Structures are given as structure tokens and as C-alpha cells.
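Undergrad: First the structure, which I've put down as C-alpha cells, then a few questions once you've had a look.
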Amino acid sequence: MENINTEAYEALLDRLPSLKKEIAKVIVGQQEAVEEVLITLLAGGHCLLEGVPGLAKTLLVKTLSEAMDLQFKRIQFTPDLMPGDILGTEVLEEDHSTGKRFFQFNKGPIFSNLVLADEINRTPPKTQAALLEAMQEKKVTYAGKNYSLPNPFLIIATQNPIEQSGTYPLPEAQMDRFLLYIKLGYPSEQEELEVLERTTGLYQESVAVVFDANDIQKLQELTRQVHIDKNLLISINQLIRQSRPAESAIEGVKTYVEWGAGPRAGQALILCAKARAIIHGRFSVTPEDISQLVFPVMRHRLAMHFRAEAEGVNADKVIAEILKSTQIGA
């Protein structure tokens, strides 16, 4: 931790529980999903939330933006949405003093700190692909000119399960750009009762601001400085390589996986493990950080064979087999 103003960072870290508390004012339960969204933010990536309608995916993102005083835009993805509706377009303007006409680039909603790509799988792949450069390079190229995106920059996309009608599966290249693929399940009976009580009256909770954009940038810098032992790096490398049928000794991988995760998965797992350590008040990664995050990091990076679908085997089942066969940190 050399060259770090530890007091300044500790003041920020002390406010992380307050951020969770503010979010919990509005979002009942879903603690694992909330933590994974915060991990994505601290790691400087993007995440995909999947769940059936009505699980507060959109509300979670909106609440997060309110608690962090970030510039927030929501893009509702529909079948007729065009790339220009996301990135922006050039408009012909006139200088009234000289009478000269020129093209002015009007920035689209992508130019925000926090972008909610709502129901991203409701729009065709051509429009989905408009996000690729923004997600990877944090810039937009239009008419040969580069336009930098704000810092921090986070896209949280939501999607309904692919099985539902009127959806388009995201291309593999775009799926790989998401740091985490977070699945939301139904609330427990008690949580659902609390949701019903909270949301059917007049009173609405107000969310206090805990962090601003500058605070988030500092936390992202701190995340990258968290220590990770060499043995844990080796374990992460083994986890990723064991997901590839040509290299794996695991039967489930050889049988059900068409191709495995690439190096970006290892980078994502390291960064997310560091972010989880920060959220839990540590400056060093533990094996638990890795085992808890291997599923949301890898589940969208495995291309499953048609046999897997026929036999009801999903990526999580294969990842569990990989995790079981790997001694993390040993």
C-alpha cells in the first residue's frame, strides 16, 4: 500500500456500509446481487442483470445512481431502437453571426456516468453492438472523431430470460465485455411480504447521497492496489484453463462445453476478487473472494454444446465441477 493516503481511503471505506444501507431502504433482499453490482463498479467494469420481470432490476440501478450522485441515463431497448439513439447524431447547425453551416455532434444518452441499458435483449444485434466500443474503450467514434466518455463510466444492462418471446440473444463478443453476469431470483416469502407492505402505501423512502464521481474513481484506484497472492493467481489461471475442452481434464467440460473462457475472464476474476475484498474491509484477496465470484464471472463466457441444452446442463453446473476440482490457493 505504498504511496497511498490510507486515511483518505479509510474515510471512503467507512462509508461503504452506508451505501448498502441507503440501497436497502428501497431494495428488499437481493443482497448478493447488490454486492455484485458494487463489485462491478469498484472494478471499473460493466454488468448484466438477468431476471424475470418485476424483480426490481431497474429500481436497483436507479437507486444506486441516487446514492452516488452520478449522472444517470436510462435507455429503453426496443426492436426499433437505432445506434444513433444511443451514441448520438450529427445535426446541421448554422452560425447566425456568419451564416455558415456546420455539423454539430449531439451526444446521446451513452455519455453519462451510469447508463441503464434496460431490456437490452429486446433490440436486434446491430443496435446491441453499438455499445461494444463504449464498453471496451470508454469512447465513442463518430464520423472519424473520438469522443471520450465520462469517468467513472458504468453500463448496467438488464435482460429477461432468453426463453421469453421477442428477445435476441446477445452476441458472444458483447457478452464477454460484461465483467459480471448477475442472475436475480425470486425473493423469499418474508422479503416478498415486505415488498408488498412497502410499495402499496403513500410513503416513499428518500435515498441520501453517499459517494460522488470523484469518490468512485478513488475507490477504483484503491481496488487495483489490493494484494493478491501468487498462489491465488495460479489458481485463477487454472480455473480459466480448465474451462477449455482441449485443455481440461474435467469430464463435464469435455462433454458439454464447445469453447471455454478466454484471458479476459481471468482478468475479470482478479479485479472482482480485489473489489470484493475492499467491500469486506480487507486489502488482500482470499480464496472465498474467488469462489464466490467465479460463477458470475464465467457463466456467460462458456459456449455450451447443444448436448448440454438437451440434457438440461447449464454453465453453472459445469463451473461448479471446475471449482470442485481446483484447490484455490493451494
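In the C-alpha cells, each chain is lettered A, B, ... as it comes, each chain's residues begin at 1, and ligands are numbered from 1 in order of appearance.
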Do a neighbour search on region 101-103 of chain A at 10 Å with only C-alpha atoms, toss out local chain neighbours closer than 6 positions, and write the hits as a list in words.
TA: Thr89, Glu90, Val91, Leu92, Glu93, Glu94 and Asp95 of chain A
Undergrad: What would the file look like if the residues just selected were written as a short mmCIF file (atom, residue, chain, number, x, y, z; two decimals), in the first residue's frame with C-alpha atoms?
TA:
```cif
data_model
loop_
_atom_site.label_atom_id
_atom_site.label_comp_id
_atom_site.auth_asym_id
_atom_site.auth_seq_id
_atom_site.Cartn_x
_atom_site.Cartn_y
_atom_site.Cartn_z
CA THR A 89 -26.04 12.01 -34.13
CA GLU A 90 -24.71 14.91 -36.14
CA VAL A 91 -27.12 17.79 -36.68
CA LEU A 92 -26.72 20.56 -39.27
CA GLU A 93 -26.35 23.87 -37.40
CA GLU A 94 -25.96 27.46 -38.58
CA ASP A 95 -23.73 30.18 -37.13
#
```
Undergrad: Restrict the calculation to only C-alpha atoms, then for each residue of region 110-138 of chain A with any atom at most 12 Å from an atom of region 211-219 of chain A give the closest atom pair and their distance in Å to one decimal, rows by chain and rising residue number, as CSV.
TA:
```
residue,atom,partner,partner_atom,distance
A:Ser112,CA,A:Ala213,CA,11.1
A:Asn113,CA,A:Ala213,CA,7.9
A:Leu114,CA,A:Ala213,CA,10.1
```
Undergrad: Using only C-alpha atoms, which of A:Lys138, A:Lys107, A:His300, A:His46 sits nearest Asp85 (chain A)?
TA: A:Lys107
Undergrad: Residues within 12 Å of Lys254 (chain A), please, as a list in words. Count only C-alpha atoms; anything in the same chain fewer than 3 positions from it doesn't count.
TA: Gln242, Ser243, Arg244, Pro245, Ala246, Glu247, Ser248, Ala249, Ile250, Glu251, Val257, Glu258, Trp259, Gly260, Ala303, Met304, His305, Arg307, Ala308, Val318, Glu321 and Ile322 of chain A
Undergrad: Since we have the selection now, will you write its residues out, keeping C-alpha atoms, as a compact mmCIF listing (two decimals), in the first residue's frame?
TA:
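Produced file result.txt, reproduced below:
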```
# COMPACT_ATOMS: atom_id res chain seq x y z
CA GLN A 242 -9.88 -25.92 -17.08
CA SER A 243 -12.96 -24.45 -18.80
CA ARG A 244 -11.47 -25.16 -22.25
CA PRO A 245 -12.31 -28.60 -23.65
CA ALA A 246 -8.95 -29.03 -25.41
CA GLU A 247 -7.02 -28.47 -22.15
CA SER A 248 -9.41 -29.68 -19.47
CA ALA A 249 -9.31 -33.00 -17.67
CA ILE A 250 -12.87 -32.48 -16.39
CA GLU A 251 -15.48 -34.74 -17.98
CA VAL A 257 -18.60 -27.08 -23.42
CA GLU A 258 -17.96 -26.06 -27.02
CA TRP A 259 -15.36 -23.45 -26.13
CA GLY A 260 -14.23 -22.09 -22.80
CA ALA A 303 -20.26 -21.59 -25.04
CA MET A 304 -22.32 -24.66 -24.22
CA HIS A 305 -22.70 -27.58 -26.63
CA ARG A 307 -25.96 -31.62 -25.89
CA ALA A 308 -25.87 -29.56 -22.68
CA VAL A 318 -20.03 -27.10 -15.28
CA GLU A 321 -17.43 -29.09 -11.35
CA ILE A 322 -14.42 -26.97 -12.32
```
Undergrad: Per residue of region 57-103 of chain A within 12 Å of region 30-36 of chain A, record the nearest atom pair and its distance in Å to one decimal, counting only C-alpha atoms, with rows in chain order and ascending residue number, as JSON lines.
TA:
```
{"residue": "A:Lys57", "atom": "CA", "partner": "A:Ala33", "partner_atom": "CA", "distance": 9.6}
{"residue": "A:Leu59", "atom": "CA", "partner": "A:Val34", "partner_atom": "CA", "distance": 11.5}
{"residue": "A:Leu60", "atom": "CA", "partner": "A:Val34", "partner_atom": "CA", "distance": 7.8}
{"residue": "A:Val61", "atom": "CA", "partner": "A:Val34", "partner_atom": "CA", "distance": 9.4}
{"residue": "A:Thr63", "atom": "CA", "partner": "A:Val34", "partner_atom": "CA", "distance": 10.7}
{"residue": "A:Leu64", "atom": "CA", "partner": "A:Val34", "partner_atom": "CA", "distance": 9.1}
```
Undergrad: What's the 12 Å shell around region 193-208 of chain A, counting only C-alpha atoms, without same-chain residues fewer than 4 positions away, as a ChimeraX atom specification?
TA: /A:15,18-30,54-56,60,62-69,186-189,212
Undergrad: Limited to N, CA and C atoms, could you put the picked residues into a file as a tab-separated table (two decimals), in the first residue's frame?
TA:
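Below is the file that was written, part.tsv:
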```tsv
chain	number	residue	atom	x	y	z
A	15	ARG	N	-17.57	4.57	4.52
A	15	ARG	CA	-18.89	4.94	4.00
A	15	ARG	C	-19.53	3.85	3.15
A	18	SER	N	-22.66	2.44	4.59
A	18	SER	CA	-23.76	3.41	4.45
A	18	SER	C	-24.39	3.34	3.07
A	19	LEU	N	-23.56	3.07	2.05
A	19	LEU	CA	-24.10	2.93	0.69
A	19	LEU	C	-25.06	1.74	0.62
A	20	LYS	N	-24.64	0.62	1.20
A	20	LYS	CA	-25.51	-0.56	1.22
A	20	LYS	C	-26.80	-0.26	1.98
A	21	LYS	N	-26.68	0.50	3.07
A	21	LYS	CA	-27.85	0.82	3.88
A	21	LYS	C	-28.84	1.69	3.11
A	22	GLU	N	-28.33	2.64	2.34
A	22	GLU	CA	-29.20	3.51	1.55
A	22	GLU	C	-29.93	2.70	0.47
A	23	ILE	N	-29.20	1.79	-0.16
A	23	ILE	CA	-29.82	0.95	-1.19
A	23	ILE	C	-30.90	0.06	-0.58
A	24	ALA	N	-30.63	-0.45	0.63
A	24	ALA	CA	-31.58	-1.33	1.31
A	24	ALA	C	-32.87	-0.62	1.72
A	25	LYS	N	-32.84	0.72	1.76
A	25	LYS	CA	-34.07	1.46	2.04
A	25	LYS	C	-35.13	1.20	0.97
A	26	VAL	N	-34.67	0.97	-0.25
A	26	VAL	CA	-35.57	0.81	-1.39
A	26	VAL	C	-35.63	-0.63	-1.87
A	27	ILE	N	-34.47	-1.31	-1.89
A	27	ILE	CA	-34.39	-2.67	-2.42
A	27	ILE	C	-34.44	-3.66	-1.27
A	28	VAL	N	-35.46	-4.50	-1.26
A	28	VAL	CA	-35.61	-5.52	-0.23
A	28	VAL	C	-34.89	-6.79	-0.67
A	29	GLY	N	-34.02	-7.30	0.21
A	29	GLY	CA	-33.28	-8.53	-0.14
A	29	GLY	C	-32.29	-8.30	-1.26
A	30	GLN	N	-32.10	-9.30	-2.09
A	30	GLN	CA	-31.17	-9.26	-3.22
A	30	GLN	C	-29.78	-8.79	-2.80
A	54	GLY	N	-40.29	-7.75	-12.89
A	54	GLY	CA	-40.84	-7.49	-11.56
A	54	GLY	C	-39.91	-7.74	-10.41
A	55	LEU	N	-38.60	-7.99	-10.68
A	55	LEU	CA	-37.66	-8.27	-9.60
A	55	LEU	C	-36.83	-7.04	-9.21
A	56	ALA	N	-37.25	-5.86	-9.63
A	56	ALA	CA	-36.63	-4.58	-9.23
A	56	ALA	C	-35.25	-4.36	-9.83
A	60	LEU	N	-33.15	-1.07	-8.83
A	60	LEU	CA	-31.84	-1.22	-8.20
A	60	LEU	C	-30.84	-0.24	-8.81
A	62	LYS	N	-31.45	2.53	-10.56
A	62	LYS	CA	-31.86	3.90	-10.29
A	62	LYS	C	-31.49	4.31	-8.85
A	63	THR	N	-31.70	3.41	-7.91
A	63	THR	CA	-31.37	3.69	-6.51
A	63	THR	C	-29.87	3.87	-6.34
A	64	LEU	N	-29.10	3.04	-7.04
A	64	LEU	CA	-27.63	3.14	-6.98
A	64	LEU	C	-27.18	4.52	-7.47
A	65	SER	N	-27.76	5.01	-8.55
A	65	SER	CA	-27.38	6.32	-9.08
A	65	SER	C	-27.73	7.44	-8.10
A	66	GLU	N	-28.85	7.31	-7.41
A	66	GLU	CA	-29.25	8.33	-6.44
A	66	GLU	C	-28.32	8.35	-5.24
A	67	ALA	N	-27.85	7.19	-4.82
A	67	ALA	CA	-26.97	7.11	-3.64
A	67	ALA	C	-25.55	7.55	-3.95
A	68	MET	N	-25.22	7.69	-5.24
A	68	MET	CA	-23.85	8.04	-5.60
A	68	MET	C	-23.73	9.35	-6.38
A	69	ASP	N	-24.80	10.05	-6.55
A	69	ASP	CA	-24.77	11.35	-7.22
A	69	ASP	C	-24.01	11.29	-8.55
A	186	TYR	N	-36.24	-15.06	-7.32
A	186	TYR	CA	-37.41	-14.56	-6.59
A	186	TYR	C	-37.05	-14.29	-5.13
A	187	PRO	N	-37.71	-13.30	-4.50
A	187	PRO	CA	-37.45	-13.05	-3.08
A	187	PRO	C	-38.01	-14.17	-2.20
A	188	SER	N	-37.52	-14.23	-0.97
A	188	SER	CA	-38.08	-15.18	-0.01
A	188	SER	C	-39.50	-14.75	0.36
A	189	GLU	N	-40.22	-15.61	1.05
A	189	GLU	CA	-41.60	-15.28	1.43
A	189	GLU	C	-41.66	-14.02	2.29
A	212	ASP	N	-19.66	10.53	-4.56
A	212	ASP	CA	-19.76	11.23	-5.83
A	212	ASP	C	-18.79	10.60	-6.82
```
Undergrad: Which residues are near region 280-286 of chain A? Cut-off 6 Å, only C-alpha atoms, ignore same chain within fewer than 6 positions. Put them as JSON, numbers by chain.
TA: {"A": [226, 227, 228, 274]}
Undergrad: Using DSSP assignments from the backbone, pull out every residue in region 84-235 of chain A that falls under alpha helix (DSSP H) and give it to me as a PyMOL selection string.
TA: chain A and resi 84-87+125-128+132-137+172-175+189-199+213-224+230-235
Undergrad: Keeping only N, CA and C atoms, write the selected residues as a short mmCIF file (atom, residue, chain, number, x, y, z; two decimals), in the first residue's frame.
TA:
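Below you can see part02.cif, which holds the result:
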```
data_model
loop_
_atom_site.label_atom_id
_atom_site.label_comp_id
_atom_site.auth_asym_id
_atom_site.auth_seq_id
_atom_site.Cartn_x
_atom_site.Cartn_y
_atom_site.Cartn_z
N GLY A 84 -27.85 5.38 -33.39
CA GLY A 84 -27.80 6.82 -33.14
C GLY A 84 -28.60 7.26 -31.93
N ASP A 85 -29.62 6.47 -31.57
CA ASP A 85 -30.41 6.78 -30.38
C ASP A 85 -29.61 6.57 -29.10
N ILE A 86 -28.53 5.80 -29.20
CA ILE A 86 -27.67 5.51 -28.05
C ILE A 86 -26.44 6.42 -28.04
N LEU A 87 -25.76 6.47 -29.19
CA LEU A 87 -24.48 7.17 -29.26
C LEU A 87 -24.63 8.67 -29.50
N PRO A 125 -29.27 -7.36 -32.78
CA PRO A 125 -27.82 -7.33 -32.55
C PRO A 125 -27.12 -6.09 -33.10
N LYS A 126 -27.59 -5.53 -34.22
CA LYS A 126 -26.94 -4.35 -34.79
C LYS A 126 -26.93 -3.19 -33.78
N THR A 127 -28.03 -3.00 -33.08
CA THR A 127 -28.10 -1.92 -32.08
C THR A 127 -27.36 -2.31 -30.82
N GLN A 128 -27.44 -3.58 -30.41
CA GLN A 128 -26.68 -4.03 -29.25
C GLN A 128 -25.18 -3.76 -29.45
N LEU A 132 -20.39 -1.79 -28.02
CA LEU A 132 -19.12 -2.51 -27.88
C LEU A 132 -17.93 -1.59 -27.64
N GLU A 133 -17.75 -0.58 -28.49
CA GLU A 133 -16.60 0.32 -28.34
C GLU A 133 -16.69 1.09 -27.03
N ALA A 134 -17.89 1.54 -26.69
CA ALA A 134 -18.06 2.29 -25.44
C ALA A 134 -17.67 1.45 -24.24
N MET A 135 -18.08 0.18 -24.23
CA MET A 135 -17.80 -0.70 -23.11
C MET A 135 -16.32 -1.03 -22.98
N GLN A 136 -15.65 -1.22 -24.12
CA GLN A 136 -14.25 -1.65 -24.08
C GLN A 136 -13.29 -0.46 -24.00
N GLU A 137 -13.52 0.55 -24.82
CA GLU A 137 -12.56 1.65 -24.93
C GLU A 137 -12.95 2.90 -24.15
N GLU A 172 -21.69 -13.18 -28.62
CA GLU A 172 -20.66 -13.63 -27.67
C GLU A 172 -19.65 -12.53 -27.37
N ALA A 173 -19.27 -11.75 -28.39
CA ALA A 173 -18.27 -10.68 -28.18
C ALA A 173 -18.78 -9.65 -27.19
N GLN A 174 -20.07 -9.37 -27.24
CA GLN A 174 -20.62 -8.39 -26.30
C GLN A 174 -20.77 -8.98 -24.91
N MET A 175 -21.18 -10.23 -24.82
CA MET A 175 -21.31 -10.87 -23.52
C MET A 175 -19.97 -10.84 -22.78
N GLU A 189 -40.22 -15.61 1.05
CA GLU A 189 -41.60 -15.28 1.43
C GLU A 189 -41.66 -14.02 2.29
N GLN A 190 -40.74 -13.91 3.26
CA GLN A 190 -40.73 -12.74 4.15
C GLN A 190 -40.34 -11.48 3.38
N GLU A 191 -39.36 -11.60 2.48
CA GLU A 191 -38.94 -10.44 1.69
C GLU A 191 -40.07 -9.98 0.77
N GLU A 192 -40.78 -10.92 0.17
CA GLU A 192 -41.87 -10.55 -0.72
C GLU A 192 -42.99 -9.86 0.04
N LEU A 193 -43.26 -10.33 1.27
CA LEU A 193 -44.26 -9.67 2.11
C LEU A 193 -43.85 -8.24 2.42
N GLU A 194 -42.55 -8.04 2.69
CA GLU A 194 -42.04 -6.69 2.98
C GLU A 194 -42.16 -5.79 1.75
N VAL A 195 -41.90 -6.34 0.57
CA VAL A 195 -42.06 -5.57 -0.67
C VAL A 195 -43.51 -5.11 -0.82
N LEU A 196 -44.45 -5.99 -0.56
CA LEU A 196 -45.87 -5.65 -0.69
C LEU A 196 -46.25 -4.54 0.29
N GLU A 197 -45.73 -4.63 1.50
CA GLU A 197 -46.06 -3.61 2.51
C GLU A 197 -45.46 -2.25 2.15
N ARG A 198 -44.23 -2.27 1.65
CA ARG A 198 -43.51 -1.02 1.36
C ARG A 198 -44.07 -0.28 0.15
N THR A 199 -44.52 -1.02 -0.83
CA THR A 199 -44.80 -0.42 -2.15
C THR A 199 -46.27 -0.14 -2.43
N ALA A 213 -18.72 11.14 -8.02
CA ALA A 213 -17.89 10.54 -9.07
C ALA A 213 -16.42 10.49 -8.68
N ASN A 214 -15.93 11.52 -8.01
CA ASN A 214 -14.53 11.56 -7.59
C ASN A 214 -14.23 10.47 -6.56
N ASP A 215 -15.17 10.25 -5.64
CA ASP A 215 -15.00 9.19 -4.64
C ASP A 215 -14.90 7.82 -5.32
N ILE A 216 -15.74 7.59 -6.31
CA ILE A 216 -15.74 6.30 -7.00
C ILE A 216 -14.41 6.07 -7.72
N GLN A 217 -13.87 7.11 -8.34
CA GLN A 217 -12.58 6.97 -9.02
C GLN A 217 -11.48 6.59 -8.03
N LYS A 218 -11.52 7.19 -6.83
CA LYS A 218 -10.52 6.85 -5.81
C LYS A 218 -10.66 5.40 -5.36
N LEU A 219 -11.90 4.95 -5.19
CA LEU A 219 -12.13 3.56 -4.79
C LEU A 219 -11.68 2.59 -5.89
N GLN A 220 -11.87 2.97 -7.14
CA GLN A 220 -11.41 2.13 -8.25
C GLN A 220 -9.88 2.04 -8.27
N GLU A 221 -9.22 3.15 -7.97
CA GLU A 221 -7.75 3.14 -7.89
C GLU A 221 -7.28 2.23 -6.75
N LEU A 222 -7.96 2.32 -5.62
CA LEU A 222 -7.60 1.50 -4.46
C LEU A 222 -7.80 0.02 -4.76
N THR A 223 -8.87 -0.30 -5.46
CA THR A 223 -9.18 -1.70 -5.79
C THR A 223 -8.03 -2.36 -6.51
N ARG A 224 -7.44 -1.66 -7.46
CA ARG A 224 -6.35 -2.25 -8.25
C ARG A 224 -5.08 -2.45 -7.42
N LYS A 230 0.47 -14.89 -5.17
CA LYS A 230 0.82 -15.57 -6.41
C LYS A 230 0.10 -16.92 -6.54
N ASN A 231 -0.07 -17.63 -5.43
CA ASN A 231 -0.78 -18.91 -5.48
C ASN A 231 -2.23 -18.75 -5.91
N LEU A 232 -2.85 -17.64 -5.52
CA LEU A 232 -4.23 -17.38 -5.93
C LEU A 232 -4.29 -17.04 -7.42
N LEU A 233 -3.29 -16.31 -7.90
CA LEU A 233 -3.22 -16.04 -9.34
C LEU A 233 -3.09 -17.33 -10.14
N ILE A 234 -2.28 -18.24 -9.65
CA ILE A 234 -2.11 -19.54 -10.32
C ILE A 234 -3.43 -20.30 -10.32
N SER A 235 -4.16 -20.25 -9.21
CA SER A 235 -5.45 -20.95 -9.11
C SER A 235 -6.46 -20.37 -10.10
#
```
Undergrad: Can you list every residue in region 3-130 of chain A that DSSP puts in strand (DSSP E or B), as a PyMOL selection string?
TA: chain A and resi 47-50+72-76+88-94+101-107+114-118
Undergrad: Grab the CA of Ile290 (chain A) to CA of Glu50 (chain A) distance for me, in Å with one decimal place.
TA: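 Taking CA of Ile290 (chain A) and CA of Glu50 (chain A), their separation equals 21.5 Å.
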Undergrad: Compile the contact shell of Leu41 (chain A) as an mmCIF file with C-alpha atoms, in the first residue's frame: residues with an atom at most 7 Å away, counting only C-alpha atoms, same-chain residues fewer than 4 positions apart removed.
TA:
```cif
data_model
loop_
_atom_site.group_PDB
_atom_site.id
_atom_site.type_symbol
_atom_site.label_atom_id
_atom_site.label_comp_id
_atom_site.auth_asym_id
_atom_site.auth_seq_id
_atom_site.Cartn_x
_atom_site.Cartn_y
_atom_site.Cartn_z
ATOM 1 C CA VAL A 37 -23.201 -4.631 -8.728
ATOM 2 C CA GLY A 45 -16.418 -2.813 -15.480
ATOM 3 C CA LEU A 154 -20.613 2.040 -15.920
#
```
